[in-house]
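K.L.:
Questions regarding the structure given below will be posed in turn.
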Amino acid sequence: MNTSYDIIIVGGGMAGATFACSLAHSGLSIALIEAVAPPKGKKRNQQPGYDDRTVALGHGSWRILDALGVADGIAAGGITPIRHIHISEKGGFGIARMESEEERVAALGYVVENRVIGHSLWKQLDAAPNIDIITPASVVDASNYLNQVVVNLEDGRELNTNLLVIADGGRSAAREKTGFQIIRKPYDQTAIVANITAENGHDNTAWERFVGDGAVALLPMTDQRYSLVWSVPGSRVDYLMNLSDKAFLRELQEAFGDRCGQFTKAGKRAAYPLALEQAHTPANGRTALIGNASWSMHPVAGQGFNRGLRDVGALAELVNEAALCGEDPGSAHLLKTYIKRRAADDRIMTTYTDSLVKTFTTPFPPLKLARNLGLASVSMLPCLRHPLTALSMGEHARLPRLRKHLPDVALKHCS
Ligand SMILES: Cc1cc2nc3c(=O)[nH]c(=O)nc-3n(C[C@H](O)[C@H](O)[C@H](O)COP(=O)(O)OP(=O)(O)OC[C@H]3O[C@@H](n4cnc5c(N)ncnc54)[C@H](O)[C@@H]3O)c2cc1C
């Protein structure tokens, strides 16, 4: 077995697998280490990143997936366009609407099942000759040296690399071992997710309704179902998780109201405790963080993987450029540029998501009036609506130059 690689990626969830796919034509030798093996044949995927959840991917994220060469494969598995977004507060007068027609795009974003993304990415990885997939295997230690990173696996194997990319999710062990400092702020909130059917179908509308102590998000998905993400205080989780489907739907209806008509069916429920977690820096030594290993956040704005994809895009652009120029993919200069390119977006996303959570879980009456005035203003004033829509679509950040443009870029920049 090979023990020396240009790049080692720890974690084959959505971020790690997308990043690996983006290097399939780089000519670099890559190892992808994943703790849970993908399923064989028709078996159910047990990998934690590809469970029953869905993600809403903004228009900008879709452009990154396209540039990385993985969008068509994912789309073939079934995606649902979001054409309308409706934001409101229970008992409030303000409503904000966003429309794909107004933005002159076919969709503001697309909803995809995590399982579908996993199936497509792993199929592409299997076909990439320069990528060694090492699974099931867990990284238990990693050490940054001047010229390499040494990675230790649970079974005693030792590998080394020019660049270690850490994509092992929010509870990253590799991140700790390589000396990253983390800020952690638990929210007293848990997301309850389930697939829901409503009598009126979804008409490609995504709903976000703030309900006093949390938020209900309903995303349109396949078979006219909604994907529900209901953020509730920790004290209500056991109660809601233990209800019968009928009683759960009654509670949901009471919280959300009847804008979608009656909720008629609920799928299996799962609960995810929520916290804001962020590394002080997304790179150090010869190591870079991407996806939830770099930053986990509240799903209220549906931005987690969208932001993770911008990490993937930014790093993939730099590494593919370095490969074309025959340069070191783990150089200090490359990682400094990665840190610089991610800084503004990281700042915007932390502030946006964290203030959204704070604003909508504070019952103080003057604040309630202010947020409803805010929602009404967004609806009435295009100068407020457009920047907010751009943020939801992931169009506020720099898009990476990938597949189509790389040869031109290299000609210009290779020294
Ligand atoms: C309820 C909810 C709703 C969400 N909705 C949205 C949404 O609408 N839009 C959006 O953009 N985002 C959304 N998100 C966020 C999104 O799901 C995450 O950002 C994304 O799944 C993170 O992917 P990842 O690959 O970074 O991490 P993970 O999915 O955690 O993957 C990490 C991988 O690393 C592997 N691993 C772990 N440790 C090791 C080790 N030591 N060695 C080897 N492998 C290891 C694991 O097995 C796993 O496969 C939501 C999140 C939640 C909780």
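Order determines the names: the first chain of the structure tokens is A, the second B, and so forth; residues in each chain are numbered 1 upward, and ligands are numbered 1 upward as they are shown.
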Based on DSSP run over this structure's backbone, return all residues of region 142-318 of chain A in strand (DSSP E), as a PyMOL selection string.
P.N.:
chain A and resi 142-144+149-153+158-166+182-198+205-210+215-221+225-233+263-266+270-279+283-284+287-289+295-296
K.L.:
Hey, could you make a per-residue contact list for region 302-403 of chain A against region 288-293 of chain A with 8 Å as the cut-off, showing the nearest pair of atoms and its distance in Å to one decimal, counting only C-alpha atoms, sorted by chain and number, as a tab-separated table?
P.N.:
residue	atom	partner	partner_atom	distance
A:Gly304	CA	A:Asn292	CA	7.4
A:Phe305	CA	A:Gly291	CA	6.7
A:Arg307	CA	A:Gly291	CA	7.3
A:Gly308	CA	A:Gly291	CA	4.0
A:Leu309	CA	A:Gly291	CA	7.1
A:Asp311	CA	A:Ile290	CA	5.5
A:Val312	CA	A:Ile290	CA	6.4
A:Leu335	CA	A:Ala288	CA	7.3
K.L.:
Set the distance at 8 Å and use only C-alpha atoms: which residues neighbour region 45-49 of chain A once local chain neighbours fewer than 3 positions away are removed? I'd like the list as a list in words.
P.N.:
Gly13, Met14, Val36, Ala37, Pro38, Pro39, Asn114, Arg115 and Gly118 of chain A
K.L.:
Please produce a file of those selected residues containing N, CA and C atoms, as a JSON list (two decimals), in the first residue's frame.
P.N.:
[["chain", "number", "residue", "atom", "x", "y", "z"],
["A", 13, "GLY", "N", -17.56, 12.74, 4.27],
["A", 13, "GLY", "CA", -18.92, 13.29, 4.25],
["A", 13, "GLY", "C", -19.06, 14.21, 3.03],
["A", 14, "MET", "N", -20.07, 15.05, 3.03],
["A", 14, "MET", "CA", -20.33, 15.85, 1.82],
["A", 14, "MET", "C", -19.15, 16.77, 1.48],
["A", 36, "VAL", "N", -16.55, 5.27, 8.10],
["A", 36, "VAL", "CA", -17.66, 4.35, 7.83],
["A", 36, "VAL", "C", -17.69, 4.02, 6.33],
["A", 37, "ALA", "N", -17.58, 2.75, 6.00],
["A", 37, "ALA", "CA", -17.52, 2.37, 4.58],
["A", 37, "ALA", "C", -18.85, 2.64, 3.89],
["A", 38, "PRO", "N", -18.82, 3.04, 2.60],
["A", 38, "PRO", "CA", -20.07, 3.26, 1.87],
["A", 38, "PRO", "C", -20.76, 1.92, 1.62],
["A", 39, "PRO", "N", -22.08, 1.93, 1.35],
["A", 39, "PRO", "CA", -22.79, 0.66, 1.20],
["A", 39, "PRO", "C", -22.42, -0.03, -0.11],
["A", 114, "ASN", "N", -29.49, 14.19, 1.35],
["A", 114, "ASN", "CA", -28.06, 13.91, 1.62],
["A", 114, "ASN", "C", -27.64, 12.56, 1.02],
["A", 115, "ARG", "N", -28.57, 11.59, 1.13],
["A", 115, "ARG", "CA", -28.31, 10.25, 0.60],
["A", 115, "ARG", "C", -28.01, 10.29, -0.90],
["A", 118, "GLY", "N", -24.55, 11.67, -1.46],
["A", 118, "GLY", "CA", -23.55, 10.65, -1.13],
["A", 118, "GLY", "C", -23.40, 9.63, -2.24]]
K.L.:
Please identify all polymer residues within 6 Å of region 251-267 of chain A, counting only C-alpha atoms, omitting same-chain residues fewer than 4 positions from it, and present them as a PyMOL selection string.
P.N.:
chain A and resi 194-200+245
K.L.:
For the atom pair CA of Ser100 (chain A) and CA of His86 (chain A), what is the interatomic distance in Å to one decimal place?
P.N.:
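Value for the CA of Ser100 (chain A)-CA of His86 (chain A) distance: 12.0 Å.
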K.L.:
Hey, which of A:Gly156, A:Gly27, A:Pro129, A:Gly169 ends up closest to ligand 1? Count only C-alpha atoms and all ligand atoms.
P.N.:
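For ligand 1, the nearest of the given residues is A:Gly169.
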K.L.:
Set the distance at 9 Å and use only C-alpha atoms: which residues neighbour region 340-350 of chain A once local chain neighbours fewer than 2 positions away are removed? I'd like the list as a PyMOL selection string.
P.N.:
chain A and resi 276+278+281-282+295+297+303+307+310-311+314+335-338+352-355+391+396-398
K.L.:
Emit the selected residues as an mmCIF file, in the first residue's frame, including N, CA and C atoms.
P.N.:
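Okay, selection-v4.cif is ready:
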data_model
loop_
_atom_site.group_PDB
_atom_site.id
_atom_site.type_symbol
_atom_site.label_atom_id
_atom_site.label_comp_id
_atom_site.auth_asym_id
_atom_site.auth_seq_id
_atom_site.Cartn_x
_atom_site.Cartn_y
_atom_site.Cartn_z
ATOM 1 N N LEU A 276 -22.961 26.636 17.852
ATOM 2 C CA LEU A 276 -22.075 27.335 16.928
ATOM 3 C C LEU A 276 -20.654 26.913 17.298
ATOM 4 N N GLN A 278 -16.598 27.160 15.845
ATOM 5 C CA GLN A 278 -15.764 27.746 14.794
ATOM 6 C C GLN A 278 -14.283 27.685 15.156
ATOM 7 N N THR A 281 -8.902 29.725 12.931
ATOM 8 C CA THR A 281 -8.375 29.917 11.577
ATOM 9 C C THR A 281 -8.659 28.636 10.779
ATOM 10 N N PRO A 282 -8.929 28.737 9.475
ATOM 11 C CA PRO A 282 -9.205 27.519 8.711
ATOM 12 C C PRO A 282 -7.947 26.797 8.209
ATOM 13 N N TRP A 295 -16.389 24.883 10.715
ATOM 14 C CA TRP A 295 -17.419 25.715 11.304
ATOM 15 C C TRP A 295 -18.771 25.016 11.225
ATOM 16 N N MET A 297 -22.886 25.411 12.279
ATOM 17 C CA MET A 297 -23.776 26.492 12.720
ATOM 18 C C MET A 297 -25.232 26.060 12.759
ATOM 19 N N GLN A 303 -27.528 27.203 5.814
ATOM 20 C CA GLN A 303 -26.293 27.639 5.154
ATOM 21 C C GLN A 303 -25.082 26.731 5.381
ATOM 22 N N ARG A 307 -21.962 26.974 2.904
ATOM 23 C CA ARG A 307 -20.699 27.610 3.277
ATOM 24 C C ARG A 307 -19.538 26.620 3.099
ATOM 25 N N ARG A 310 -18.248 26.493 -0.259
ATOM 26 C CA ARG A 310 -17.372 27.615 -0.627
ATOM 27 C C ARG A 310 -15.952 27.367 -0.099
ATOM 28 N N ASP A 311 -15.818 26.673 1.048
ATOM 29 C CA ASP A 311 -14.472 26.236 1.491
ATOM 30 C C ASP A 311 -13.882 25.316 0.424
ATOM 31 N N ALA A 314 -12.921 27.154 -2.799
ATOM 32 C CA ALA A 314 -11.759 28.030 -2.655
ATOM 33 C C ALA A 314 -10.465 27.192 -2.604
ATOM 34 N N LEU A 335 -1.833 28.232 1.610
ATOM 35 C CA LEU A 335 -2.769 28.192 2.739
ATOM 36 C C LEU A 335 -3.068 29.594 3.272
ATOM 37 N N LYS A 336 -2.129 30.500 3.117
ATOM 38 C CA LYS A 336 -2.373 31.893 3.524
ATOM 39 C C LYS A 336 -3.458 32.500 2.619
ATOM 40 N N THR A 337 -3.354 32.172 1.327
ATOM 41 C CA THR A 337 -4.358 32.685 0.384
ATOM 42 C C THR A 337 -5.726 32.091 0.703
ATOM 43 N N TYR A 338 -5.741 30.790 1.059
ATOM 44 C CA TYR A 338 -7.016 30.140 1.436
ATOM 45 C C TYR A 338 -7.652 30.878 2.627
ATOM 46 N N TYR A 352 -24.532 36.712 10.432
ATOM 47 C CA TYR A 352 -25.899 36.575 9.900
ATOM 48 C C TYR A 352 -26.658 35.488 10.657
ATOM 49 N N THR A 353 -26.074 34.283 10.738
ATOM 50 C CA THR A 353 -26.794 33.158 11.338
ATOM 51 C C THR A 353 -26.985 33.362 12.832
ATOM 52 N N ASP A 354 -25.909 33.785 13.509
ATOM 53 C CA ASP A 354 -25.983 33.922 14.963
ATOM 54 C C ASP A 354 -26.973 35.027 15.341
ATOM 55 N N SER A 355 -26.976 36.147 14.596
ATOM 56 C CA SER A 355 -27.921 37.211 14.984
ATOM 57 C C SER A 355 -29.351 36.807 14.646
ATOM 58 N N LEU A 391 -27.680 36.612 -0.393
ATOM 59 C CA LEU A 391 -27.079 35.850 0.711
ATOM 60 C C LEU A 391 -27.688 34.453 0.782
ATOM 61 N N HIS A 396 -23.271 36.021 -2.674
ATOM 62 C CA HIS A 396 -22.586 37.190 -2.128
ATOM 63 C C HIS A 396 -21.068 37.004 -2.145
ATOM 64 N N ALA A 397 -20.614 35.729 -2.248
ATOM 65 C CA ALA A 397 -19.183 35.469 -2.097
ATOM 66 C C ALA A 397 -18.539 35.235 -3.460
ATOM 67 N N ARG A 398 -17.204 35.356 -3.477
ATOM 68 C CA ARG A 398 -16.456 35.109 -4.715
ATOM 69 C C ARG A 398 -16.618 33.648 -5.127
#
K.L.:
In region 66-281 of chain A, what's helix (DSSP H, G or I) per DSSP? Answer as a PyMOL selection string?
P.N.:
chain A and resi 66-68+71-76+100-103+114-126+173-177+222-224+234-242+245-256
K.L.:
Nearest residue to ligand 1 out of A:Val229, A:Ile182, A:Leu163, A:Ala24, using only C-alpha atoms and all ligand atoms?
P.N.:
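The closest residue to ligand 1 is A:Val229.
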K.L.:
I'd like the neighbourhood of Ile85 (chain A) as a list in words, where a residue qualifies if any of its atoms comes within 7 Å (using only C-alpha atoms), though same-chain residues fewer than 2 positions away should be ignored.
P.N.:
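Residues meeting the cut-off are Arg83, Ile87, Arg97, Met98, Glu99, Thr205, Ala206 and Trp207 of chain A.
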K.L.:
What does the file look like for those residues with N, CA and C atoms, as a PDB file, in the first residue's frame?
P.N.:
ATOM      1  N   ARG A  83     -38.591  27.909  -5.854  1.00  0.00           N
ATOM      2  CA  ARG A  83     -38.899  29.098  -6.683  1.00  0.00           C
ATOM      3  C   ARG A  83     -39.418  30.253  -5.838  1.00  0.00           C
ATOM      4  N   ILE A  87     -41.084  34.084   4.393  1.00  0.00           N
ATOM      5  CA  ILE A  87     -40.597  34.160   5.778  1.00  0.00           C
ATOM      6  C   ILE A  87     -41.598  34.955   6.616  1.00  0.00           C
ATOM      7  N   ARG A  97     -41.020  37.952   1.139  1.00  0.00           N
ATOM      8  CA  ARG A  97     -41.092  36.946   0.058  1.00  0.00           C
ATOM      9  C   ARG A  97     -39.922  37.147  -0.877  1.00  0.00           C
ATOM     10  N   MET A  98     -39.375  36.057  -1.368  1.00  0.00           N
ATOM     11  CA  MET A  98     -38.323  36.126  -2.395  1.00  0.00           C
ATOM     12  C   MET A  98     -38.772  35.247  -3.558  1.00  0.00           C
ATOM     13  N   GLU A  99     -38.518  35.707  -4.778  1.00  0.00           N
ATOM     14  CA  GLU A  99     -39.030  35.009  -5.962  1.00  0.00           C
ATOM     15  C   GLU A  99     -37.904  34.766  -6.956  1.00  0.00           C
ATOM     16  N   THR A 205     -42.325  25.996  -2.903  1.00  0.00           N
ATOM     17  CA  THR A 205     -42.154  27.080  -1.925  1.00  0.00           C
ATOM     18  C   THR A 205     -41.404  26.572  -0.688  1.00  0.00           C
ATOM     19  N   ALA A 206     -40.416  27.358  -0.238  1.00  0.00           N
ATOM     20  CA  ALA A 206     -39.741  27.084   1.045  1.00  0.00           C
ATOM     21  C   ALA A 206     -40.308  28.058   2.072  1.00  0.00           C
ATOM     22  N   TRP A 207     -40.703  27.511   3.204  1.00  0.00           N
ATOM     23  CA  TRP A 207     -41.297  28.342   4.268  1.00  0.00           C
ATOM     24  C   TRP A 207     -40.346  28.413   5.445  1.00  0.00           C
TER      25      TRP A 207
END
K.L.:
Would you mind telling me which residue in A:His386, A:Arg401, A:Lys368, A:Arg286 lies nearest to Ile166 (chain A) when using only C-alpha atoms?
P.N.:
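Result for the nearest residue to Ile166 (chain A): A:Arg286.
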K.L.:
Could you check which of A:Val105, A:Cys21, A:Ile192, A:Ala71 is closest to ligand 1, using only C-alpha atoms and all ligand atoms?
P.N.:
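Checking each candidate against ligand 1, we get A:Ile192 as the closest.
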K.L.:
Need to verify the contact set: Asn2 (chain A), 12 Å, only C-alpha atoms, exclusion of same-chain residues closer than 6 positions in sequence. Can you return it as JSON, numbers by chain?
P.N.:
{"A": [8, 29, 30, 31, 130, 131, 132, 133, 134, 157, 158, 159, 160, 161]}
